[in-house]
Structure formats: structure tokens, C-alpha cells
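The data block below is data26.cif; it holds mmCIF, C-alpha atoms and all ligand atoms.
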```cif
data_input
loop_
_atom_site.label_atom_id
_atom_site.label_comp_id
_atom_site.auth_asym_id
_atom_site.auth_seq_id
_atom_site.Cartn_x
_atom_site.Cartn_y
_atom_site.Cartn_z
CA MET A 18 23.74 34.70 -42.23
CA LYS A 19 26.00 32.08 -40.76
CA SER A 20 23.53 31.15 -38.08
CA LEU A 21 20.73 30.88 -40.61
CA LEU A 22 22.80 28.45 -42.62
CA ARG A 23 23.39 26.45 -39.45
CA VAL A 24 19.68 26.19 -38.80
CA VAL A 25 18.99 25.04 -42.33
CA LEU A 26 21.72 22.42 -42.16
CA LEU A 27 20.67 21.22 -38.77
CA SER A 28 17.02 20.89 -39.63
CA SER A 29 17.74 19.06 -42.85
CA ALA A 30 19.95 16.71 -40.84
CA LEU A 31 17.12 16.18 -38.39
CA VAL A 32 14.59 15.57 -41.13
CA SER A 33 16.80 13.01 -42.78
CA GLY A 34 17.44 11.50 -39.40
CA PHE A 35 13.74 10.95 -38.87
CA ALA A 36 13.15 9.85 -42.40
CA SER A 37 15.37 6.88 -41.75
CA ALA A 38 13.80 4.72 -39.08
CA VAL A 39 14.27 5.46 -35.43
CA GLU A 40 14.87 2.59 -33.10
CA PHE A 41 13.91 2.98 -29.45
CA LYS A 42 16.42 1.19 -27.34
CA GLN A 43 17.53 2.90 -24.14
CA VAL A 44 15.15 2.28 -21.29
CA GLN A 45 14.94 5.23 -18.92
CA ALA A 46 14.74 3.29 -15.68
CA ASN A 47 13.88 6.24 -13.46
CA GLU A 48 10.89 7.20 -15.60
CA SER A 49 9.59 3.72 -16.32
CA THR A 50 7.28 1.81 -14.00
CA VAL A 51 5.92 -1.67 -13.59
CA THR A 52 2.85 -1.68 -11.36
CA PHE A 53 0.11 -4.16 -10.62
CA GLY A 54 -3.45 -4.13 -9.41
CA TYR A 55 -5.61 -6.78 -7.79
CA LYS A 56 -8.61 -7.13 -5.54
CA GLN A 57 -8.50 -8.20 -1.93
CA MET A 58 -11.89 -8.84 -0.30
CA GLY A 59 -13.37 -6.77 -3.12
CA VAL A 60 -11.02 -3.87 -2.36
CA PRO A 61 -8.91 -2.59 -5.26
CA MET A 62 -5.22 -2.63 -4.32
CA GLU A 63 -2.17 -1.34 -6.11
CA GLY A 64 1.49 -2.16 -5.90
CA LYS A 65 4.72 -1.75 -7.79
CA PHE A 66 8.10 -3.23 -8.45
CA ALA A 67 10.86 -0.80 -7.65
CA LYS A 68 13.60 -2.66 -9.52
CA PHE A 69 13.53 -4.13 -12.97
CA SER A 70 15.67 -4.09 -16.05
CA ALA A 71 14.59 -4.04 -19.65
CA GLN A 72 16.33 -4.57 -22.95
CA THR A 73 14.18 -3.58 -25.83
CA SER A 74 14.46 -2.46 -29.38
CA PHE A 75 11.43 -1.14 -31.11
CA ASP A 76 11.09 0.49 -34.45
CA PRO A 77 7.49 0.99 -35.55
CA ALA A 78 8.63 0.64 -39.15
CA LYS A 79 10.26 -2.73 -38.52
CA LEU A 80 7.95 -4.59 -36.20
CA ALA A 81 9.31 -7.96 -37.23
CA LYS A 82 12.57 -7.04 -35.55
CA ALA A 83 11.02 -5.67 -32.37
CA GLN A 84 12.28 -7.27 -29.20
CA ALA A 85 11.71 -6.89 -25.51
CA ARG A 86 13.06 -8.56 -22.47
CA ILE A 87 12.06 -7.42 -19.01
CA ASP A 88 13.40 -8.84 -15.77
CA ILE A 89 11.73 -7.94 -12.52
CA ASP A 90 13.44 -8.16 -9.17
CA LEU A 91 10.67 -9.73 -7.08
CA ALA A 92 12.17 -8.75 -3.75
CA SER A 93 11.70 -5.10 -4.76
CA ILE A 94 7.93 -5.49 -4.58
CA ASP A 95 5.85 -2.90 -2.79
CA THR A 96 2.33 -4.18 -2.20
CA GLY A 97 1.36 -1.12 -0.21
CA SER A 98 1.83 -2.63 3.25
CA GLU A 99 4.96 -3.88 4.97
CA GLU A 100 3.25 -6.90 6.41
CA ALA A 101 2.26 -8.01 2.92
CA ASN A 102 5.72 -7.20 1.47
CA ASP A 103 7.29 -9.62 3.92
CA GLU A 104 4.65 -12.20 3.14
CA VAL A 105 4.75 -12.25 -0.65
CA VAL A 106 8.47 -12.96 -1.03
CA GLY A 107 7.93 -16.13 1.01
CA LYS A 108 7.50 -19.67 -0.23
CA PRO A 109 3.73 -19.76 -0.78
CA TRP A 110 3.90 -16.65 -2.94
CA PHE A 111 6.97 -15.84 -5.08
CA ASN A 112 9.49 -17.96 -3.18
CA ALA A 113 11.93 -15.20 -4.09
CA LYS A 114 14.92 -16.98 -2.56
CA ALA A 115 14.65 -19.76 -5.12
CA PHE A 116 13.17 -17.61 -7.91
CA PRO A 117 14.49 -14.07 -7.43
CA SER A 118 13.17 -12.66 -10.66
CA ALA A 119 10.25 -12.82 -13.05
CA GLY A 120 10.96 -12.42 -16.73
CA PHE A 121 9.14 -11.54 -19.91
CA VAL A 122 10.67 -12.32 -23.30
CA SER A 123 8.80 -11.19 -26.37
CA THR A 124 8.18 -13.52 -29.28
CA GLY A 125 6.48 -11.04 -31.58
CA VAL A 126 4.81 -7.68 -31.98
CA LYS A 127 1.98 -6.86 -34.30
CA ALA A 128 0.26 -3.61 -35.15
CA LEU A 129 -3.40 -3.23 -34.22
CA GLY A 130 -3.86 0.09 -36.02
CA GLY A 131 -3.23 3.65 -34.92
CA ASN A 132 -0.78 3.72 -32.07
CA ARG A 133 -1.95 0.36 -30.77
CA TYR A 134 0.18 -2.75 -30.83
CA GLU A 135 0.20 -6.15 -29.31
CA ALA A 136 3.18 -8.01 -27.91
CA THR A 137 3.18 -11.73 -27.41
CA GLY A 138 5.77 -13.46 -25.35
CA LYS A 139 6.71 -15.83 -22.59
CA LEU A 140 6.29 -14.86 -19.00
CA THR A 141 8.28 -16.83 -16.44
CA ILE A 142 7.43 -16.62 -12.76
CA LYS A 143 8.38 -19.07 -10.05
CA GLY A 144 9.84 -21.52 -12.55
CA LYS A 145 6.74 -21.62 -14.73
CA THR A 146 6.66 -20.24 -18.25
CA LEU A 147 3.40 -19.37 -19.97
CA ASP A 148 2.41 -17.44 -23.09
CA VAL A 149 1.01 -13.99 -22.53
CA THR A 150 -0.38 -11.31 -24.82
CA ALA A 151 0.01 -7.69 -23.87
CA PRO A 152 -1.69 -4.93 -25.84
CA PHE A 153 0.10 -1.61 -25.59
CA THR A 154 0.17 1.84 -27.06
CA PHE A 155 3.26 3.50 -28.40
CA GLN A 156 3.83 7.22 -28.73
CA ALA A 157 6.93 8.78 -30.15
CA ASN A 158 7.77 12.17 -28.84
CA GLY A 159 10.93 13.27 -30.62
CA THR A 160 13.56 10.83 -29.48
CA ARG A 161 11.43 9.62 -26.58
CA GLY A 162 9.15 6.67 -27.01
CA LEU A 163 6.39 5.93 -24.50
CA PHE A 164 5.06 2.42 -24.14
CA ASP A 165 1.93 1.88 -22.04
CA GLY A 166 0.24 -1.43 -21.64
CA VAL A 167 -1.71 -3.61 -19.33
CA PHE A 168 -2.42 -7.31 -19.29
CA THR A 169 -3.95 -9.72 -16.86
CA ILE A 170 -2.51 -12.92 -15.49
CA LYS A 171 -4.04 -15.46 -13.18
CA ARG A 172 -1.77 -15.85 -10.19
CA LEU A 173 -2.69 -19.50 -9.62
CA ASP A 174 -1.39 -20.36 -13.11
CA TYR A 175 2.03 -19.61 -11.65
CA ASN A 176 1.32 -21.02 -8.18
CA ILE A 177 1.58 -17.54 -6.70
CA GLY A 178 -0.17 -17.88 -3.36
CA GLU A 179 -0.28 -21.54 -2.42
CA GLY A 180 -1.91 -23.36 0.47
CA VAL A 181 -4.43 -21.21 2.33
CA TRP A 182 -3.74 -18.35 -0.06
CA ALA A 183 -5.02 -20.37 -3.02
CA ASP A 184 -8.48 -19.15 -1.94
CA VAL A 185 -9.27 -16.60 -4.64
CA GLY A 186 -12.25 -15.30 -2.65
CA THR A 187 -9.82 -13.37 -0.45
CA VAL A 188 -7.06 -12.37 -2.85
CA ALA A 189 -8.42 -12.45 -6.39
CA ASN A 190 -6.84 -14.70 -9.00
CA GLU A 191 -6.64 -11.93 -11.61
CA ILE A 192 -3.66 -9.64 -11.37
CA GLN A 193 -3.43 -6.70 -13.77
CA ILE A 194 0.11 -5.88 -14.71
CA LYS A 195 0.70 -2.39 -16.00
CA PHE A 196 3.84 -1.17 -17.63
CA HIS A 197 4.90 2.30 -18.56
CA LEU A 198 8.25 2.28 -20.32
CA VAL A 199 10.13 5.33 -21.50
CA LEU A 200 12.72 4.59 -24.14
CA THR A 201 15.02 6.95 -25.94
CA ALA A 202 15.96 6.46 -29.53
CA THR A 203 19.16 5.93 -31.37
CA PRO A 204 18.76 6.93 -35.02
CA ASN A 205 19.35 3.97 -37.29
CA LYS A 206 22.42 4.20 -39.48
CA LYS A 207 21.21 1.78 -42.12
CA MET B 29 -46.51 0.61 40.40
CA ASN B 30 -49.50 -0.25 38.27
CA THR B 31 -49.17 2.58 35.82
CA PRO B 32 -48.36 1.20 32.36
CA ILE B 33 -44.71 1.58 31.33
CA GLU B 34 -44.00 4.24 28.77
CA ARG B 35 -41.76 2.49 26.28
CA TYR B 36 -39.53 3.65 23.51
CA ASN B 37 -41.20 3.02 20.17
CA ASN B 38 -40.37 0.06 17.97
CA THR B 39 -37.97 1.96 15.74
CA ALA B 40 -35.93 3.16 18.71
CA MET B 41 -35.86 -0.32 20.23
CA ALA B 42 -34.87 -2.03 17.00
CA LEU B 43 -32.05 0.44 16.45
CA HIS B 44 -30.87 0.17 20.06
CA TRP B 45 -30.64 -3.62 20.13
CA LEU B 46 -29.25 -3.96 16.64
CA VAL B 47 -26.46 -1.51 17.46
CA ALA B 48 -25.82 -3.26 20.78
CA LEU B 49 -25.53 -6.62 19.04
CA LEU B 50 -23.19 -5.26 16.38
CA ILE B 51 -20.95 -3.59 18.97
CA PHE B 52 -20.63 -6.93 20.75
CA ALA B 53 -19.46 -8.35 17.42
CA ALA B 54 -17.22 -5.52 16.20
CA PHE B 55 -15.41 -4.88 19.45
CA PRO B 56 -14.06 -8.37 20.24
CA LEU B 57 -13.38 -8.93 16.55
CA GLY B 58 -11.29 -5.75 16.47
CA VAL B 59 -9.22 -6.85 19.45
CA TYR B 60 -8.81 -10.40 18.16
CA MET B 61 -7.97 -9.73 14.51
CA HIS B 62 -5.26 -7.24 15.36
CA ASP B 63 -2.74 -9.82 16.60
CA LEU B 64 -3.40 -12.52 14.02
CA PRO B 65 -0.54 -13.41 11.68
CA LEU B 66 -1.23 -12.40 8.08
CA SER B 67 -3.54 -14.97 6.50
CA PRO B 68 -6.72 -14.99 4.41
CA THR B 69 -8.61 -15.31 7.70
CA LYS B 70 -7.05 -12.09 8.97
CA LEU B 71 -7.97 -10.24 5.77
CA GLN B 72 -11.52 -11.56 6.05
CA TYR B 73 -11.87 -10.56 9.71
CA TYR B 74 -10.59 -7.07 8.95
CA SER B 75 -13.18 -6.74 6.22
CA TYR B 76 -15.99 -8.09 8.39
CA HIS B 77 -14.96 -5.71 11.17
CA LYS B 78 -15.05 -2.77 8.77
CA TRP B 79 -18.39 -3.78 7.28
CA ILE B 80 -19.97 -4.21 10.71
CA GLY B 81 -18.43 -0.91 11.85
CA ILE B 82 -19.84 1.03 8.89
CA THR B 83 -23.22 -0.59 9.48
CA ILE B 84 -23.04 0.69 13.06
CA LEU B 85 -22.19 4.16 11.76
CA LEU B 86 -25.28 4.18 9.54
CA LEU B 87 -27.56 2.84 12.27
CA VAL B 88 -26.24 5.37 14.78
CA ILE B 89 -26.86 8.19 12.32
CA ALA B 90 -30.42 6.87 12.07
CA ARG B 91 -30.62 6.82 15.88
CA VAL B 92 -29.44 10.41 16.12
CA VAL B 93 -32.06 11.44 13.56
CA TRP B 94 -34.71 9.55 15.54
CA ARG B 95 -33.58 11.22 18.75
CA PHE B 96 -33.79 14.70 17.22
CA THR B 97 -37.26 14.06 15.85
CA HIS B 98 -38.75 12.26 18.86
CA THR B 99 -38.97 12.81 22.58
CA PRO B 100 -38.05 9.71 24.54
CA PRO B 101 -40.55 8.58 27.15
CA PRO B 102 -40.13 10.68 30.29
CA LEU B 103 -38.16 9.24 33.18
CA PRO B 104 -40.14 8.36 36.32
CA ALA B 105 -40.70 11.51 38.40
CA SER B 106 -38.91 9.85 41.29
CA THR B 107 -35.59 9.69 39.39
CA PRO B 108 -32.92 11.53 41.40
CA ARG B 109 -31.50 14.60 39.74
CA TRP B 110 -27.92 13.23 39.60
CA GLU B 111 -29.13 10.11 37.77
CA VAL B 112 -30.87 12.23 35.16
CA VAL B 113 -27.71 14.28 34.60
CA VAL B 114 -25.30 11.30 34.53
CA SER B 115 -27.52 9.25 32.24
CA HIS B 116 -27.85 12.15 29.80
CA ILE B 117 -24.10 12.66 29.70
CA THR B 118 -23.48 8.93 29.26
CA HIS B 119 -25.97 8.65 26.43
CA LEU B 120 -24.59 11.73 24.71
CA ALA B 121 -21.04 10.35 25.01
CA LEU B 122 -22.15 6.96 23.67
CA TYR B 123 -23.70 8.60 20.61
CA GLY B 124 -20.54 10.65 20.12
CA LEU B 125 -18.26 7.63 20.40
CA LEU B 126 -20.43 5.50 18.15
CA LEU B 127 -20.05 8.14 15.45
CA ALA B 128 -16.39 8.94 16.09
CA ILE B 129 -15.14 5.33 16.33
CA PRO B 130 -16.37 4.05 12.98
CA PHE B 131 -15.45 7.36 11.36
CA SER B 132 -11.89 7.11 12.72
CA GLY B 133 -11.79 3.51 11.45
CA TRP B 134 -12.84 4.62 7.99
CA LEU B 135 -10.22 7.40 7.90
CA MET B 136 -7.57 5.04 9.30
CA SER B 137 -8.24 2.52 6.57
CA SER B 138 -7.87 5.20 3.90
CA ALA B 139 -4.66 6.48 5.45
CA LYS B 140 -3.28 2.94 5.58
CA GLY B 141 -4.09 2.50 1.90
CA PHE B 142 -6.91 -0.02 2.31
CA GLN B 143 -10.11 1.40 0.97
CA THR B 144 -13.34 0.38 2.71
CA VAL B 145 -15.74 -1.42 0.39
CA TRP B 146 -18.93 -2.01 2.38
CA PHE B 147 -19.85 -5.69 2.13
CA GLY B 148 -17.42 -5.93 -0.77
CA VAL B 149 -19.91 -4.00 -2.90
CA LEU B 150 -20.12 -0.32 -2.02
CA PRO B 151 -16.80 1.53 -2.10
CA LEU B 152 -16.57 4.38 0.40
CA PRO B 153 -14.53 7.36 -0.77
CA ASP B 154 -11.06 7.71 0.72
CA LEU B 155 -11.37 11.00 2.59
CA VAL B 156 -7.63 11.20 3.28
CA GLU B 157 -4.64 10.29 1.16
CA LYS B 158 -2.48 7.30 1.96
CA ASN B 159 -0.08 8.40 4.68
CA LYS B 160 1.70 6.01 7.01
CA GLU B 161 2.10 8.34 9.99
CA LEU B 162 -1.50 9.49 9.78
CA GLY B 163 -2.59 5.86 9.57
CA GLN B 164 -0.74 5.02 12.76
CA LEU B 165 -2.08 8.09 14.50
CA LEU B 166 -5.65 7.24 13.54
CA ALA B 167 -5.15 3.64 14.69
CA THR B 168 -4.17 5.00 18.10
CA VAL B 169 -7.21 7.30 18.08
CA HIS B 170 -9.48 4.40 17.11
CA GLN B 171 -8.02 2.30 19.90
CA GLY B 172 -8.20 5.09 22.49
CA LEU B 173 -11.84 5.90 21.68
CA ASN B 174 -12.63 2.21 22.07
CA VAL B 175 -11.23 2.24 25.60
CA PHE B 176 -13.76 5.00 26.41
CA LEU B 177 -16.50 3.03 24.71
CA PHE B 178 -15.63 -0.03 26.77
CA LEU B 179 -15.85 1.99 29.98
CA LEU B 180 -19.10 3.73 29.03
CA VAL B 181 -20.81 0.55 27.87
CA GLY B 182 -19.73 -0.95 31.19
CA MET B 183 -21.33 1.97 33.04
CA HIS B 184 -24.44 1.72 30.89
CA ILE B 185 -24.87 -1.97 31.72
CA ALA B 186 -24.03 -1.41 35.39
CA ALA B 187 -26.78 1.22 35.52
CA VAL B 188 -29.30 -1.22 34.02
CA ILE B 189 -28.33 -3.84 36.62
CA LYS B 190 -28.68 -1.28 39.41
CA HIS B 191 -32.15 -0.25 38.22
CA LYS B 192 -33.30 -3.80 37.77
CA PHE B 193 -31.93 -5.49 40.86
CA ILE B 194 -31.35 -2.73 43.40
CA ASP B 195 -33.97 -0.08 42.62
CA HIS B 196 -36.42 -2.65 41.25
CA ASP B 197 -37.76 -0.06 38.82
CA GLN B 198 -38.71 -0.48 35.17
CA ILE B 199 -36.00 1.39 33.35
CA LEU B 200 -34.93 -1.72 31.41
CA GLU B 201 -38.50 -2.48 30.37
CA ARG B 202 -38.69 0.87 28.60
CA MET B 203 -36.30 -0.57 26.02
CA LEU B 204 -37.89 -4.03 25.85
CA PRO B 205 -40.86 -5.01 23.69
CA LYS B 206 -44.08 -5.63 25.60
CA GLY B 207 -44.06 -9.41 25.31
CA MET B 208 -40.60 -9.69 26.85
CA SER B 209 -41.44 -8.20 30.24
CA LYS B 210 -44.20 -8.68 32.76
C1 LIG C 301 -18.57 1.20 16.32
C2 LIG C 301 -17.81 0.59 15.46
C3 LIG C 301 -16.46 0.04 15.78
C4 LIG C 301 -15.97 -0.50 16.96
C5 LIG C 301 -16.69 -0.69 18.27
C6 LIG C 301 -14.58 -0.85 16.69
C7 LIG C 301 -13.74 -1.42 17.62
C8 LIG C 301 -12.42 -1.76 17.40
C9 LIG C 301 -11.53 -2.31 18.37
C10 LIG C 301 -11.87 -2.61 19.81
C11 LIG C 301 -10.33 -2.49 17.75
C12 LIG C 301 -9.05 -3.05 18.37
C13 LIG C 301 -8.10 -1.95 18.72
C14 LIG C 301 -6.78 -2.51 19.13
O1 LIG C 301 -6.78 -3.41 19.98
O2 LIG C 301 -5.78 -2.06 18.58
C15 LIG C 301 -10.46 -2.08 16.39
C16 LIG C 301 -9.46 -2.12 15.46
C17 LIG C 301 -9.61 -1.75 14.12
N1 LIG C 301 -10.73 -1.19 13.55
FE1 LIG C 301 -12.49 -0.85 14.48
N2 LIG C 301 -14.27 -0.52 15.39
C18 LIG C 301 -15.38 0.01 14.79
C19 LIG C 301 -15.50 0.48 13.51
C20 LIG C 301 -14.51 0.39 12.53
C21 LIG C 301 -14.66 0.81 11.17
C22 LIG C 301 -15.91 1.42 10.55
C23 LIG C 301 -13.47 0.56 10.54
C24 LIG C 301 -13.04 0.80 9.10
C25 LIG C 301 -13.81 1.10 8.12
C26 LIG C 301 -12.58 -0.02 11.52
C27 LIG C 301 -11.29 -0.43 11.27
C28 LIG C 301 -10.45 -0.99 12.21
C29 LIG C 301 -9.12 -1.44 11.91
C30 LIG C 301 -8.43 -1.38 10.53
C31 LIG C 301 -8.58 -1.90 13.11
C32 LIG C 301 -7.20 -2.48 13.31
C33 LIG C 301 -6.26 -1.40 13.70
C34 LIG C 301 -4.84 -1.89 13.59
O3 LIG C 301 -4.61 -2.93 12.99
O4 LIG C 301 -3.98 -1.19 14.12
N3 LIG C 301 -13.25 -0.11 12.72
N4 LIG C 301 -11.75 -1.61 16.18
#
```
Any chance you could put this one into C-alpha cells?
Amino acid sequence: MKSLLRVVLLSSALVSGFASAVEFKQVQANESTVTFGYKQMGVPMEGKFAKFSAQTSFDPAKLAKAQARIDIDLASIDTGSEEANDEVVGKPWFNAKAFPSAGFVSTGVKALGGNRYEATGKLTIKGKTLDVTAPFTFQANGTRGLFDGVFTIKRLDYNIGEGVWADVGTVANEIQIKFHLVLTATPNKK
Amino acid sequence: MNTPIERYNNTAMALHWLVALLIFAAFPLGVYMHDLPLSPTKLQYYSYHKWIGITILLLVIARVVWRFTHTPPPLPASTPRWEVVVSHITHLALYGLLLAIPFSGWLMSSAKGFQTVWFGVLPLPDLVEKNKELGQLLATVHQGLNVFLFLLVGMHIAAVIKHKFIDHDQILERMLPKGMSK
């Protein structure tokens, strides 16, 4: 009898908890990934950034207040080959000594219907800041929220790969950036 | 010496000389590109090497098919027995190497995480997963097989020179179109 009462109380607490909005805030760094894809001599290549930090708050019911800031440690890049890892932190590419991180700061999020959304924001790499738009999907799974998105940048817009590397016939200009963020929720008190 | 030369047919000749030409491109390119510092040129040379190598693989498969479906012109009756045996072994080994070398290159590329896309258009499947140790092992295999190829091609050419300038026979002409030899 006692335990039944407990269940009833608990579930009603949970229901009310979900009825009030849930804000997804804590980024689970070990489950989240930022990867990228590009073509080299027509060959699809993939890489990732091992280290990045993200501060986000996302409540699907209050999109106007959604915010995201992601900082990527460029030296943590893994392009898939050591030779290339050493190369891309250098001056012609990221110049990671002078510009150790790349950053995205959101300026707005809008709903596209269903579980699809679109974030706009400013992406800063190598001292250059440009507007980007990143469509993403959001799935809430209890207190876990999954964000998956991909957007394309042109590396030459940010002077990534200067000099001989500016030849986009060898390393393509288009770089697809993919993010998979896992956030856990804190129920909103208000 | 007035009997007409029995030549290989046009298909066999075309395949032979095309493969020879491509080996003389792929081999030095392979040696040269290896020590280049990373640059777009290096990436291009690697791709060209791979494209040429896969082309060789396809042509050699065609040669093997030709060889199984045709009988090459018989050797002159005067050919010493040891020459027949050594030439057969050399040719067999050359076919084997010309299949194994590009195949090891293909596998090596997959293991190193660089897919082979033939002429930038046709992606070849990665037959092995990306694996650093395997990649290094296959690079050593590729290199080692090429040492054998170098030696055998050397023997092959030395034999042609011997036939032409010491024996004064017409072994070379068998692989040359009519117009090119008297
Ligand atoms: C008959 C065809 C081929 C020949 C004669 C050939 C020959 C060579 C030679 C001589 C080297 C230099 C080895 C060294 O000095 O380390 C080399 C390296 C190489 N080959 Fe090939 N190759 C052939 C086909 C291929 C194919 C089909 C591929 C890939 C699809 C390939 C991929 C490579 C790579 C990636 C290297 C560089 C290895 C490294 O950087 O360690 N090769 N090849």
C-alpha cells in the first residue's frame, strides 16, 4: 500500500515536472562529437575535434530564449593522418598558435516543423567572423536531449589553407561540419 | 631465318606495351612521391599513382584472361630448355606481382584511411577497415613486392637484350607490330 502511494506520488511529480518546460543545459562532453567531412582529390575524408566546450540552453517551448556557444580547441583536430594533423595547425591553415580556438555563438533558433530547427549564429575562425545557418534536429528522450546537425562552410572564406593550399582542386573548399550534442535537462522551476 | 615471325596478336601487344608504359610511370612516381613534404602536389601525385596502379591492375587482369584463352606463339624450336623454363617462371612471377602490387596498394590505402577513387570518379570499396598497424605492414609489403618487380623487370629486359644483340634471334619482334621491325 505504501509503495503504491509512492509510485502515484512520484509519477504525478514527474508528470508535473514535464508539464512545466524542460530546459536542456548540461552538455555531456564524452557523448557529444564535432566532426567534419571534406573531399581531397575527390576522396571523401573525415575528421574530428577531440576537445570542445559548449554552453547551451534549449527549451523547445521557449525558442526565443535558446542559446548556444561552442568553442573548439583547434589543436585537438584529428584529420585522420598524423602528417595532416601537424600541417593543419600551421600558419597557412588554422594558425592555431595565434588563433587557438574556433567559436560559434548563436543569434537565434527557429522551428522548421516536426523535430527540425534552424540555428543562426556567428562562426569565428582564424580571426574572421561570418554568419552561418545550421539546420538541426532535436529529440528529447526523458531528460536527455539529442541535437544533430550539419552545415557547410567554405574554408577559403576563413582563409583556411592559404598559399599553395588555396587550390580547391586538391582539398575542396566545402567543409561539412557535423555536430552531435547530448544535453541533459534541468527541469524549469518557473 | 626466312620463316615469317609468329607474333603475338594485337590485343596481347597493346596490353603488353600499355602495361609496360604505365609501370615506368607508376614505379618512379611511387618512389619520388613518398619523400615529398606534404603539399597539394604530394596529394596529387599520390592520387595519380593510385589511379595508374589500378589501371595496371585492370589491364593485367585482362592480360591474364587473354593468356588463359589464347596460346602464345610457340618459341623457336632451337630455344634451350633452361631458357624456356626460366622465361616461363619469370613471366608467371611478373603476372603475379602485377596483380599483388596494385592489390596491396589498394588495401594499404584503405588501411591508412584514404579510400581509392579511380580518376576521382569511381570509388573502390575499402576491403579492410582503417588500421594504422595494418597500413604500415601493407606499405612494407607493397615496397617489398616492388623490389622483386624491379629485379624481374630488369631480368626481363636483360633477356630481351641478350636475344637481340647476342643471340641475334627474333624474340623481341614477336612483341612488336609488323611495321616496327624488318
Ligand atoms: C603495378 C602497380 C604499382 C606499382 C608498380 C607501384 C609501385 C610503387 C613504388 C615503387 C612505391 C614506392 C615504395 C617506397 O619507396 O616506399 C609505391 C608506393 C605507394 N603506392 Fe604503389 N604501385 C602500384 C600500384 C599502387 C596502387 C594500385 C595503389 C593504391 C590504390 C598504390 C599506393 C601506393 C602508396 C599509397 C604508396 C606510398 C606508400 C607510403 O607512403 O608508405 N600503389 N608504389
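Near Lys108 in chain A, within a cut-off of 10 Å and counting only C-alpha atoms, sit the residues Glu104, Asn112, Ala113, Lys114, Ala115, Phe116, Lys143, Ile177, Gly178 and Glu179 of chain A, with same-chain residues fewer than 4 positions away left out.
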Generate a file of the selected residues that holds C-alpha atoms, formatted as an mmCIF file, keeping the file's coordinate frame.
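Generated file (out.cif):
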```cif
data_model
loop_
_atom_site.group_PDB
_atom_site.id
_atom_site.type_symbol
_atom_site.label_atom_id
_atom_site.label_comp_id
_atom_site.auth_asym_id
_atom_site.auth_seq_id
_atom_site.Cartn_x
_atom_site.Cartn_y
_atom_site.Cartn_z
ATOM 1 C CA GLU A 104 4.650 -12.200 3.140
ATOM 2 C CA ASN A 112 9.490 -17.960 -3.180
ATOM 3 C CA ALA A 113 11.930 -15.200 -4.090
ATOM 4 C CA LYS A 114 14.920 -16.980 -2.560
ATOM 5 C CA ALA A 115 14.650 -19.760 -5.120
ATOM 6 C CA PHE A 116 13.170 -17.610 -7.910
ATOM 7 C CA LYS A 143 8.380 -19.070 -10.050
ATOM 8 C CA ILE A 177 1.580 -17.540 -6.700
ATOM 9 C CA GLY A 178 -0.170 -17.880 -3.360
ATOM 10 C CA GLU A 179 -0.280 -21.540 -2.420
#
```
Item to check | For range 120-135 of chain A: contacts at 12 Å, only C-alpha atoms, fewer than 2 positions along chain excluded, given as a PyMOL selection string | outcome: chain A and resi 69-91+116-118+137-157+162-168+194+196
Item to check | Spatial neighbours of Val60 in chain A, 8 Å, all atoms listed in the file, chain gap at least 2 places, as a list in words | outcome: Lys56, Gln57, Met58 and Met62 of chain A; Phe142, Gln143, Thr144, Val145, Gly148 and Pro151 of chain B
Checklist entry - How would you write, as a ChimeraX atom specification, the set of residues no farther than 7 Å from ligand LIG 301 (chain C) when counting all atoms listed in the file? => result /B:51,54-56,58-59,62,74,77-82,84-85,126,129-131,133-134,136-137,144,167,170-171,174
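Reported to one decimal place, the separation of CA of Gln193 in chain A from CA of Ile170 in chain A is 6.5 Å.
Separating CA of Leu152 in chain B from CA of Pro61 in chain A is a distance of 11.8 Å.
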Using only C-alpha atoms, what does the table of chain A residues within 10 Å of chain B look like, with each row giving the shortest atom pair and its distance in Å to one decimal, sorted by chain and ascending number, as a tab-separated table?
```
residue	atom	partner	partner_atom	distance
A:Gln57	CA	B:Leu71	CA	8.0
A:Met58	CA	B:Gly148	CA	6.3
A:Gly59	CA	B:Gly148	CA	4.8
A:Val60	CA	B:Val145	CA	6.0
A:Pro61	CA	B:Gln143	CA	7.5
A:Met62	CA	B:Phe142	CA	7.3
A:Glu63	CA	B:Gly141	CA	9.1
A:Gly97	CA	B:Gly141	CA	6.9
A:Ser98	CA	B:Lys140	CA	7.9
A:Glu100	CA	B:Leu66	CA	7.3
A:Ala101	CA	B:Leu66	CA	7.6
A:Asp103	CA	B:Leu66	CA	9.9
A:Glu104	CA	B:Leu66	CA	7.7
A:Val181	CA	B:Pro68	CA	6.9
A:Trp182	CA	B:Pro68	CA	6.3
A:Ala183	CA	B:Pro68	CA	9.3
A:Asp184	CA	B:Pro68	CA	7.8
A:Val185	CA	B:Pro68	CA	9.5
A:Gly186	CA	B:Pro68	CA	9.0
A:Thr187	CA	B:Pro68	CA	6.0
A:Val188	CA	B:Pro68	CA	7.7
```
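From CA of Pro104 in chain B back to CA of Asn38 in chain B, the distance works out to 20.1 Å.
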Quick one: everything within 12 Å of Lys206 in chain B, counting all atoms listed in the file, minus sequence neighbours fewer than 6 positions away in the same chain. Send it as a short mmCIF file (atom, residue, chain, number, x, y, z; two decimals) with C-alpha atoms, keeping the file's coordinate frame.
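And here's part23.cif as it stands now:
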```cif
data_model
loop_
_atom_site.label_atom_id
_atom_site.label_comp_id
_atom_site.auth_asym_id
_atom_site.auth_seq_id
_atom_site.Cartn_x
_atom_site.Cartn_y
_atom_site.Cartn_z
CA PRO B 32 -48.36 1.20 32.36
CA ILE B 33 -44.71 1.58 31.33
CA GLU B 34 -44.00 4.24 28.77
CA ARG B 35 -41.76 2.49 26.28
CA TYR B 36 -39.53 3.65 23.51
CA ASN B 37 -41.20 3.02 20.17
CA ASN B 38 -40.37 0.06 17.97
CA MET B 41 -35.86 -0.32 20.23
CA LEU B 200 -34.93 -1.72 31.41
#
```
